[in-house]
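Structure file start_36.csv with CSV, C-alpha atoms:
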chain,number,residue,atom,x,y,z
A,24,MET,CA,23.9,-44.9,-9.0
A,25,ARG,CA,26.8,-45.5,-11.4
A,26,LYS,CA,26.7,-41.8,-12.3
A,27,LEU,CA,26.8,-40.7,-8.7
A,28,LEU,CA,29.8,-43.0,-8.0
A,29,PHE,CA,31.6,-41.6,-11.0
A,30,MET,CA,31.0,-38.0,-9.9
A,31,THR,CA,32.2,-38.9,-6.4
A,32,LEU,CA,35.4,-40.3,-7.7
A,33,LEU,CA,35.9,-37.3,-9.9
A,34,ALA,CA,35.5,-35.0,-6.9
A,35,ALA,CA,37.9,-37.1,-4.8
A,36,ALA,CA,40.5,-37.1,-7.6
A,37,ALA,CA,40.2,-33.3,-7.9
A,38,ALA,CA,40.6,-32.8,-4.2
A,39,MET,CA,43.7,-35.0,-4.1
A,40,ALA,CA,45.3,-33.3,-7.1
A,41,GLN,CA,44.8,-29.9,-5.6
A,42,ALA,CA,46.1,-31.0,-2.2
A,43,ALA,CA,49.3,-32.1,-3.9
A,44,ALA,CA,49.7,-29.0,-6.0
A,45,SER,CA,52.5,-26.6,-5.4
A,46,ASP,CA,51.6,-23.4,-3.5
A,47,THR,CA,52.9,-21.4,-6.4
A,48,ASP,CA,50.8,-23.2,-9.0
A,49,GLU,CA,48.3,-20.5,-10.1
A,50,ALA,CA,46.0,-23.0,-11.8
A,51,ALA,CA,45.3,-24.6,-8.4
A,52,TYR,CA,43.5,-21.4,-7.2
A,53,ALA,CA,39.9,-20.8,-8.1
A,54,PRO,CA,38.6,-17.2,-8.6
A,55,SER,CA,36.6,-15.8,-5.7
A,56,THR,CA,36.1,-12.8,-3.5
A,57,LEU,CA,37.4,-12.0,0.0
A,58,ALA,CA,33.8,-11.8,1.3
A,59,LYS,CA,33.3,-15.5,0.3
A,60,ILE,CA,36.8,-16.7,1.2
A,61,LEU,CA,36.6,-15.1,4.7
A,62,GLY,CA,32.9,-15.7,5.1
A,63,GLY,CA,30.7,-18.5,6.3
A,64,ALA,CA,30.0,-19.6,9.9
A,65,ALA,CA,32.0,-21.9,12.2
A,66,ARG,CA,30.4,-25.0,13.6
A,67,SER,CA,31.3,-23.7,17.1
A,68,GLN,CA,32.5,-20.4,18.4
A,69,ASN,CA,34.5,-22.2,21.0
A,70,ASP,CA,36.5,-24.5,18.7
A,71,GLU,CA,40.1,-23.1,18.6
A,72,ALA,CA,41.0,-25.0,15.4
A,73,GLU,CA,38.2,-25.9,12.9
A,74,LEU,CA,40.1,-26.8,9.7
A,75,ALA,CA,38.6,-26.1,6.3
A,76,ALA,CA,38.8,-28.6,3.4
A,77,SER,CA,42.3,-28.9,1.9
A,78,SER,CA,40.9,-27.9,-1.6
A,79,GLU,CA,39.8,-24.4,-0.6
A,80,TRP,CA,42.5,-22.4,-2.6
A,81,TYR,CA,41.3,-19.1,-4.1
A,82,SER,CA,42.6,-16.1,-6.0
A,83,THR,CA,41.2,-12.6,-6.0
A,84,THR,CA,42.1,-9.0,-6.8
A,85,ALA,CA,42.1,-6.5,-3.9
A,86,SER,CA,43.8,-3.3,-2.8
A,87,PHE,CA,46.5,-3.3,-0.1
A,88,THR,CA,45.6,-0.7,2.6
A,89,GLY,CA,49.2,-0.4,3.9
A,90,ARG,CA,48.3,-1.8,7.3
A,91,LYS,CA,49.8,-4.9,8.8
A,92,ARG,CA,50.0,-6.3,12.3
A,93,THR,CA,51.4,-9.2,14.3
A,94,PRO,CA,49.2,-12.3,14.1
A,95,SER,CA,47.2,-13.0,17.2
A,96,GLY,CA,48.2,-15.9,19.4
A,97,ARG,CA,44.6,-17.2,19.1
A,98,TYR,CA,45.6,-18.3,15.6
A,99,ARG,CA,48.3,-20.6,16.8
A,100,PRO,CA,46.1,-23.7,17.2
A,101,ILE,CA,44.5,-23.4,13.8
A,102,ILE,CA,47.9,-22.7,12.0
A,103,SER,CA,49.5,-25.6,13.9
A,104,ALA,CA,46.7,-27.9,12.7
A,105,TRP,CA,47.0,-26.6,9.2
A,106,VAL,CA,50.8,-27.0,9.1
A,107,SER,CA,50.3,-30.6,10.4
A,108,SER,CA,47.6,-31.3,7.7
A,109,ARG,CA,50.1,-30.3,5.0
A,110,GLY,CA,52.7,-32.9,6.3
A,111,GLN,CA,55.1,-30.2,7.5
A,112,GLU,CA,57.2,-30.2,10.6
A,113,PRO,CA,55.4,-28.8,13.7
A,114,SER,CA,58.2,-26.2,14.1
A,115,ASN,CA,57.1,-24.5,10.9
A,116,THR,CA,54.2,-23.0,12.9
A,117,GLU,CA,56.6,-20.7,14.6
A,118,MET,CA,57.4,-18.9,11.4
A,119,TYR,CA,54.0,-17.4,11.4
A,120,PHE,CA,54.5,-15.8,14.8
A,121,GLY,CA,58.1,-14.7,14.7
A,122,GLY,CA,57.5,-11.2,13.3
A,123,GLU,CA,58.6,-11.7,9.7
A,124,LEU,CA,55.1,-12.9,8.4
A,125,PRO,CA,52.4,-10.4,9.6
A,126,GLU,CA,48.7,-10.2,9.0
A,127,ILE,CA,48.0,-7.9,6.0
A,128,GLU,CA,44.9,-5.8,5.4
A,129,PHE,CA,43.2,-5.6,2.0
A,130,GLU,CA,40.1,-3.7,0.8
A,131,GLN,CA,37.6,-5.1,-1.6
A,132,GLY,CA,34.1,-4.0,-2.4
A,133,GLY,CA,34.1,-1.3,0.3
A,134,ARG,CA,35.1,-3.8,3.0
A,135,LYS,CA,38.4,-4.5,4.7
A,136,PHE,CA,39.8,-8.0,5.4
A,137,TRP,CA,42.9,-9.3,7.2
A,138,VAL,CA,44.8,-12.3,5.9
A,139,ILE,CA,48.0,-14.0,7.3
A,140,ALA,CA,51.1,-13.6,5.1
A,141,GLY,CA,52.6,-16.9,4.1
A,142,LEU,CA,55.5,-18.0,2.0
A,143,PRO,CA,56.9,-17.1,-0.5
A,144,GLY,CA,54.6,-14.1,-1.0
A,145,GLY,CA,54.7,-12.7,2.5
A,146,LEU,CA,58.5,-12.2,2.5
A,147,GLY,CA,58.5,-10.0,-0.6
A,148,PHE,CA,55.5,-7.8,0.4
A,149,ASP,CA,57.5,-4.8,1.5
A,150,ILE,CA,57.8,-3.5,-2.0
A,151,TYR,CA,54.1,-2.7,-2.4
A,152,PRO,CA,52.8,0.8,-1.4
A,153,PRO,CA,49.4,1.5,0.3
A,154,GLY,CA,46.6,1.5,-2.3
A,155,GLN,CA,48.4,-1.0,-4.6
A,156,LYS,CA,45.9,-3.3,-6.3
A,157,LEU,CA,47.2,-6.9,-6.3
A,158,THR,CA,46.1,-10.3,-7.3
A,159,ILE,CA,46.5,-12.4,-4.2
A,160,TYR,CA,46.4,-16.2,-3.8
A,161,LEU,CA,44.9,-17.5,-0.6
A,162,GLN,CA,44.4,-20.8,1.1
A,163,ARG,CA,41.4,-20.9,3.4
A,164,VAL,CA,42.7,-22.4,6.7
A,165,GLY,CA,39.4,-22.6,8.6
A,166,PHE,CA,38.1,-20.9,11.8
A,167,ALA,CA,39.9,-19.9,15.0
A,168,SER,CA,37.2,-19.6,17.7
A,169,GLY,CA,34.7,-18.6,15.1
A,170,VAL,CA,37.0,-16.2,13.2
A,171,PRO,CA,37.7,-17.2,9.5
A,172,VAL,CA,41.4,-17.5,8.7
A,173,ALA,CA,43.2,-17.6,5.4
A,174,VAL,CA,46.9,-17.6,4.4
A,175,MET,CA,48.3,-15.6,1.5
A,176,THR,CA,50.9,-17.6,-0.4
A,177,MET,CA,51.4,-15.3,-3.4
A,178,ALA,CA,50.8,-11.7,-4.4
A,179,LYS,CA,51.2,-10.3,-7.9
A,180,LEU,CA,50.6,-7.1,-9.8
A,181,PRO,CA,47.6,-7.2,-12.0
A,182,GLY,CA,49.9,-7.6,-15.0
A,183,GLY,CA,51.3,-10.8,-13.6
A,184,ALA,CA,54.7,-9.7,-12.2
A,185,THR,CA,55.6,-11.1,-8.8
A,186,SER,CA,57.7,-8.0,-7.8
A,187,THR,CA,58.6,-4.5,-8.9
A,188,THR,CA,62.1,-3.1,-9.6
A,189,VAL,CA,63.5,-1.3,-6.6
A,190,THR,CA,65.4,1.8,-7.7
A,191,LYS,CA,68.2,3.2,-5.7
A,192,GLY,CA,67.1,5.6,-3.0
A,193,ARG,CA,63.4,4.7,-3.1
A,194,VAL,CA,61.7,4.9,0.2
A,195,MET,CA,60.1,1.5,1.0
A,196,HIS,CA,56.9,1.4,3.1
A,197,ASN,CA,55.5,-1.4,5.2
A,198,ALA,CA,58.9,-2.8,6.2
A,199,ARG,CA,59.5,-5.3,9.0
A,200,MET,CA,57.2,-4.4,11.9
A,201,GLY,CA,58.6,-1.9,14.4
A,202,GLU,CA,61.3,-0.7,12.0
A,203,GLY,CA,59.3,1.8,9.9
A,204,ALA,CA,59.9,2.7,6.2
A,205,ARG,CA,63.2,1.7,4.7
A,206,ARG,CA,65.5,3.1,2.1
A,207,GLN,CA,67.8,1.2,-0.2
A,208,GLU,CA,71.3,2.5,0.1
A,209,GLY,CA,73.1,0.1,-2.3
A,210,THR,CA,72.4,-2.7,-4.8
A,211,TYR,CA,74.3,-6.0,-5.1
A,212,ARG,CA,74.7,-7.6,-8.5
A,213,ASN,CA,77.0,-10.7,-8.0
A,214,GLY,CA,77.6,-13.2,-5.3
A,215,THR,CA,77.3,-16.8,-4.1
A,216,ALA,CA,76.2,-18.7,-1.0
A,217,THR,CA,77.7,-22.1,-0.2
A,218,PHE,CA,76.4,-24.2,2.7
A,219,THR,CA,76.1,-27.7,4.0
A,220,TYR,CA,72.6,-28.8,5.2
A,221,ALA,CA,71.9,-32.3,6.5
A,222,GLY,CA,75.3,-33.4,5.2
A,223,ARG,CA,74.8,-32.2,1.6
A,224,GLU,CA,76.6,-29.3,0.1
A,225,TYR,CA,74.8,-26.6,-1.9
A,226,SER,CA,76.0,-23.6,-3.9
A,227,LEU,CA,73.5,-20.9,-5.0
A,228,PRO,CA,74.1,-17.8,-7.0
A,229,LEU,CA,72.8,-14.4,-5.9
A,230,ASP,CA,69.3,-13.7,-7.3
A,231,VAL,CA,69.5,-10.1,-8.4
A,232,ALA,CA,65.8,-10.0,-9.1
A,233,GLY,CA,65.0,-11.0,-5.5
A,234,ARG,CA,61.9,-12.8,-6.7
A,235,HIS,CA,61.0,-14.1,-3.2
A,236,SER,CA,62.0,-11.0,-1.3
A,237,VAL,CA,63.4,-7.7,-2.5
A,238,ALA,CA,66.4,-6.8,-4.7
A,239,PRO,CA,69.6,-7.7,-2.8
A,240,GLY,CA,71.3,-4.7,-1.3
A,241,LEU,CA,71.8,-2.6,1.8
A,242,TYR,CA,68.8,-1.1,3.4
A,243,SER,CA,68.3,1.5,6.2
A,244,TYR,CA,65.2,1.8,8.4
A,245,GLU,CA,63.6,4.8,10.1
A,246,ASN,CA,64.5,3.4,13.5
A,247,GLY,CA,68.2,3.4,12.6
A,248,VAL,CA,68.7,-0.2,11.8
A,249,ARG,CA,70.8,-0.9,8.7
A,250,THR,CA,70.8,-4.4,7.2
A,251,ALA,CA,71.8,-6.3,4.0
A,252,LEU,CA,68.9,-8.3,2.5
A,253,LEU,CA,70.2,-11.2,0.3
A,254,GLU,CA,68.6,-13.8,-1.8
A,255,TYR,CA,70.4,-16.7,-3.4
A,256,GLY,CA,68.9,-19.3,-5.7
A,257,GLY,CA,66.7,-18.8,-8.8
A,258,SER,CA,63.7,-21.1,-8.5
A,259,ASP,CA,60.7,-21.7,-6.2
A,260,ALA,CA,62.2,-25.1,-5.3
A,261,GLN,CA,65.5,-24.0,-3.9
A,262,TYR,CA,66.5,-20.6,-2.4
A,263,LEU,CA,68.1,-18.9,0.6
A,264,LEU,CA,67.1,-15.6,2.1
A,265,LEU,CA,69.5,-13.9,4.5
A,266,ARG,CA,69.1,-10.8,6.7
A,267,VAL,CA,72.5,-9.6,7.7
A,268,PRO,CA,72.5,-6.5,10.0
A,269,VAL,CA,75.2,-3.9,10.3
A,270,ALA,CA,76.6,-4.5,13.8
A,271,GLU,CA,76.6,-1.0,15.2
A,272,SER,CA,72.9,-0.4,14.3
A,273,SER,CA,71.4,-3.7,15.3
A,274,GLY,CA,72.3,-4.3,18.9
A,275,GLU,CA,72.3,-8.0,19.6
A,276,ALA,CA,70.5,-9.0,16.3
A,277,GLY,CA,72.3,-11.6,14.2
A,278,ILE,CA,71.9,-13.2,10.8
A,279,VAL,CA,68.4,-14.4,10.1
A,280,PRO,CA,68.1,-17.2,7.4
A,281,TYR,CA,65.1,-18.6,5.6
A,282,LEU,CA,65.8,-21.7,3.5
A,283,VAL,CA,63.7,-23.7,1.0
A,284,LEU,CA,64.9,-27.0,-0.4
A,285,ASN,CA,63.0,-29.3,-2.8
A,286,GLY,CA,60.1,-26.9,-2.7
A,287,ARG,CA,59.7,-27.1,1.1
A,288,ILE,CA,60.5,-24.7,3.8
A,289,VAL,CA,63.1,-26.2,6.2
A,290,PRO,CA,62.4,-25.8,10.0
A,291,PRO,CA,63.6,-22.6,11.6
A,292,ILE,CA,67.4,-22.5,11.8
A,293,ASP,CA,68.9,-21.5,15.2
A,294,LEU,CA,72.3,-19.9,14.8
A,295,SER,CA,72.6,-18.7,18.4
A,296,ALA,CA,75.2,-21.3,19.3
A,297,CYS,CA,77.2,-21.1,16.0
A,298,GLY,CA,80.3,-19.2,15.3
A,299,THR,CA,79.5,-16.2,13.1
A,300,ASN,CA,82.0,-14.0,11.3
A,301,ILE,CA,80.5,-11.0,9.4
A,302,GLU,CA,83.4,-9.6,7.4
A,303,GLN,CA,81.5,-6.8,5.6
A,304,VAL,CA,78.1,-5.2,5.4
A,305,SER,CA,78.2,-2.0,3.4
A,306,ARG,CA,76.8,-0.3,0.3
A,307,THR,CA,79.4,-2.0,-1.9
A,308,GLY,CA,79.0,-5.6,-0.6
A,309,ALA,CA,78.3,-8.1,2.2
A,310,ARG,CA,80.2,-11.2,3.1
A,311,GLY,CA,80.6,-13.6,6.0
A,312,SER,CA,80.5,-17.1,7.3
A,313,ILE,CA,78.8,-19.3,9.9
A,314,VAL,CA,80.2,-22.5,11.4
A,315,CYS,CA,77.9,-24.8,13.4
A,316,ALA,CA,80.0,-28.0,13.1
A,317,GLY,CA,80.6,-28.2,16.9
A,318,VAL,CA,76.9,-27.6,17.8
A,319,ALA,CA,75.0,-30.7,18.8
A,320,ARG,CA,72.1,-31.6,16.4
A,321,ALA,CA,73.0,-28.7,14.1
A,322,VAL,CA,71.5,-29.5,10.6
A,323,LEU,CA,73.2,-26.5,9.0
A,324,SER,CA,76.9,-27.1,9.7
A,325,LYS,CA,78.4,-24.3,7.7
A,326,LEU,CA,77.6,-21.3,5.5
A,327,GLN,CA,79.6,-18.8,3.5
A,328,PHE,CA,78.0,-15.9,1.6
A,329,ALA,CA,79.2,-13.0,-0.5
A,330,ALA,CA,77.5,-10.3,-2.5
A,331,GLU,CA,78.8,-7.2,-4.3
Translate this file's structure into structure tokens.
Amino acid sequence: MRKLLFMTLLAAAAAMAQAAASDTDEAAYAPSTLAKILGGAARSQNDEAELAASSEWYSTTASFTGRKRTPSGRYRPIISAWVSSRGQEPSNTEMYFGGELPEIEFEQGGRKFWVIAGLPGGLGFDIYPPGQKLTIYLQRVGFASGVPVAVMTMAKLPGGATSTTVTKGRVMHNARMGEGARRQEGTYRNGTATFTYAGREYSLPLDVAGRHSVAPGLYSYENGVRTALLEYGGSDAQYLLLRVPVAESSGEAGIVPYLVLNGRIVPPIDLSACGTNIEQVSRTGARGSIVCAGVARAVLSKLQFAAE
């Protein structure tokens, strides 16, 4: 009886430790296969959100097929429940259905599997060509109407690197959905972003490695869109990703920010009512500013960025 109680306490302690682990802590993921991670049977085929245990974090090596798609709306209830179980803001659910984080297909053992791209790994996925073998880190979410669901938090080359060097002029496949392959036109090496969020001021240097996205620079897409992709920061705990389109190629599209503070993704930032001044977006540099001070309930009050 005492031994049983001891083992129960050990299991509970392990589960609590893993639940509190950072998404980027590789030691928190147990080796497995996609067939096992995305296997099993749901209790009910009609349950929209059957959550898995919080300890089901796994890693495996598989080949990226080059295919990705927009996550189905049927996953919204299960992703919403999962986000809530992690203690995150309900609004974080929208990030998985906004077009930037797709479902990605992998092949392993002659079978193909779809997983939902998460953060930070999903944002930097454009650099991998079809057929690339990757070590991926997955959190089993549960079942959505009987369909197994898992979120990919990280993807690494078998050697351990989280990204590859993007050389000038390289054609990039698997870009943002609907835009097609993209080509890097210019590379930025220096810059800073300063902003005020929730009353606190931050200053982050340009991350030339683009460890959570791609190397900062100007990119052009097959559909004619040209945009600067910028990353500021230098750690998993604090970084800012900016997508700054060239005005004449993007129609009404504006700046798209992703912000992580203290290791947590902040809720989606709405800049539609803010004052935006994009001074430059070219091969040699990008710079601009955003002012939201006069907008009611604006958590991001101002932002200035530069890269060259």
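Here atom CA of A:Leu263 stands at a distance of 11.8 Å from atom CA of A:Gly286.
The residue that comes closest to A:Ala65, out of A:Asn300, A:Thr217, A:Ser295, A:Ser168 and on the basis of all atoms listed in the file, is A:Ser168.
Comparing A:Thr83, A:Thr219, A:Asn285, A:Ser243 by their smallest distance to A:Val314, the closest is A:Thr219 (using all atoms listed in the file).
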Identify, on the basis of only C-alpha atoms, every residue whose closest approach to A:Asp230 does not exceed 7 Å; exclude the query and any residue fewer than 2 positions from it along the same chain; express the result as a compact mmCIF listing (two decimals) with C-alpha atoms, in the coordinates of the input.
# COMPACT_ATOMS: atom_id res chain seq x y z
CA PRO A 228 74.10 -17.80 -7.00
CA ALA A 232 65.80 -10.00 -9.10
CA GLY A 233 65.00 -11.00 -5.50
CA GLU A 254 68.60 -13.80 -1.80
CA TYR A 255 70.40 -16.70 -3.40
CA GLY A 256 68.90 -19.30 -5.70
CA GLY A 257 66.70 -18.80 -8.80
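Between atom CA of A:His235 and atom CA of A:Thr56 there is a distance of 24.9 Å.
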Counting all atoms listed in the file, select every polymer residue within 10 Å of (33.1, -18.4, 7.3) as defined in the file's coordinates, and provide the selection as a PyMOL selection string.
chain A and resi 58-66+75+163+165-166+169-172
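Residue nearest A:Arg234, chosen from A:Ile301, A:Val318, A:Val248, A:Leu142 and counting only C-alpha atoms: A:Leu142.
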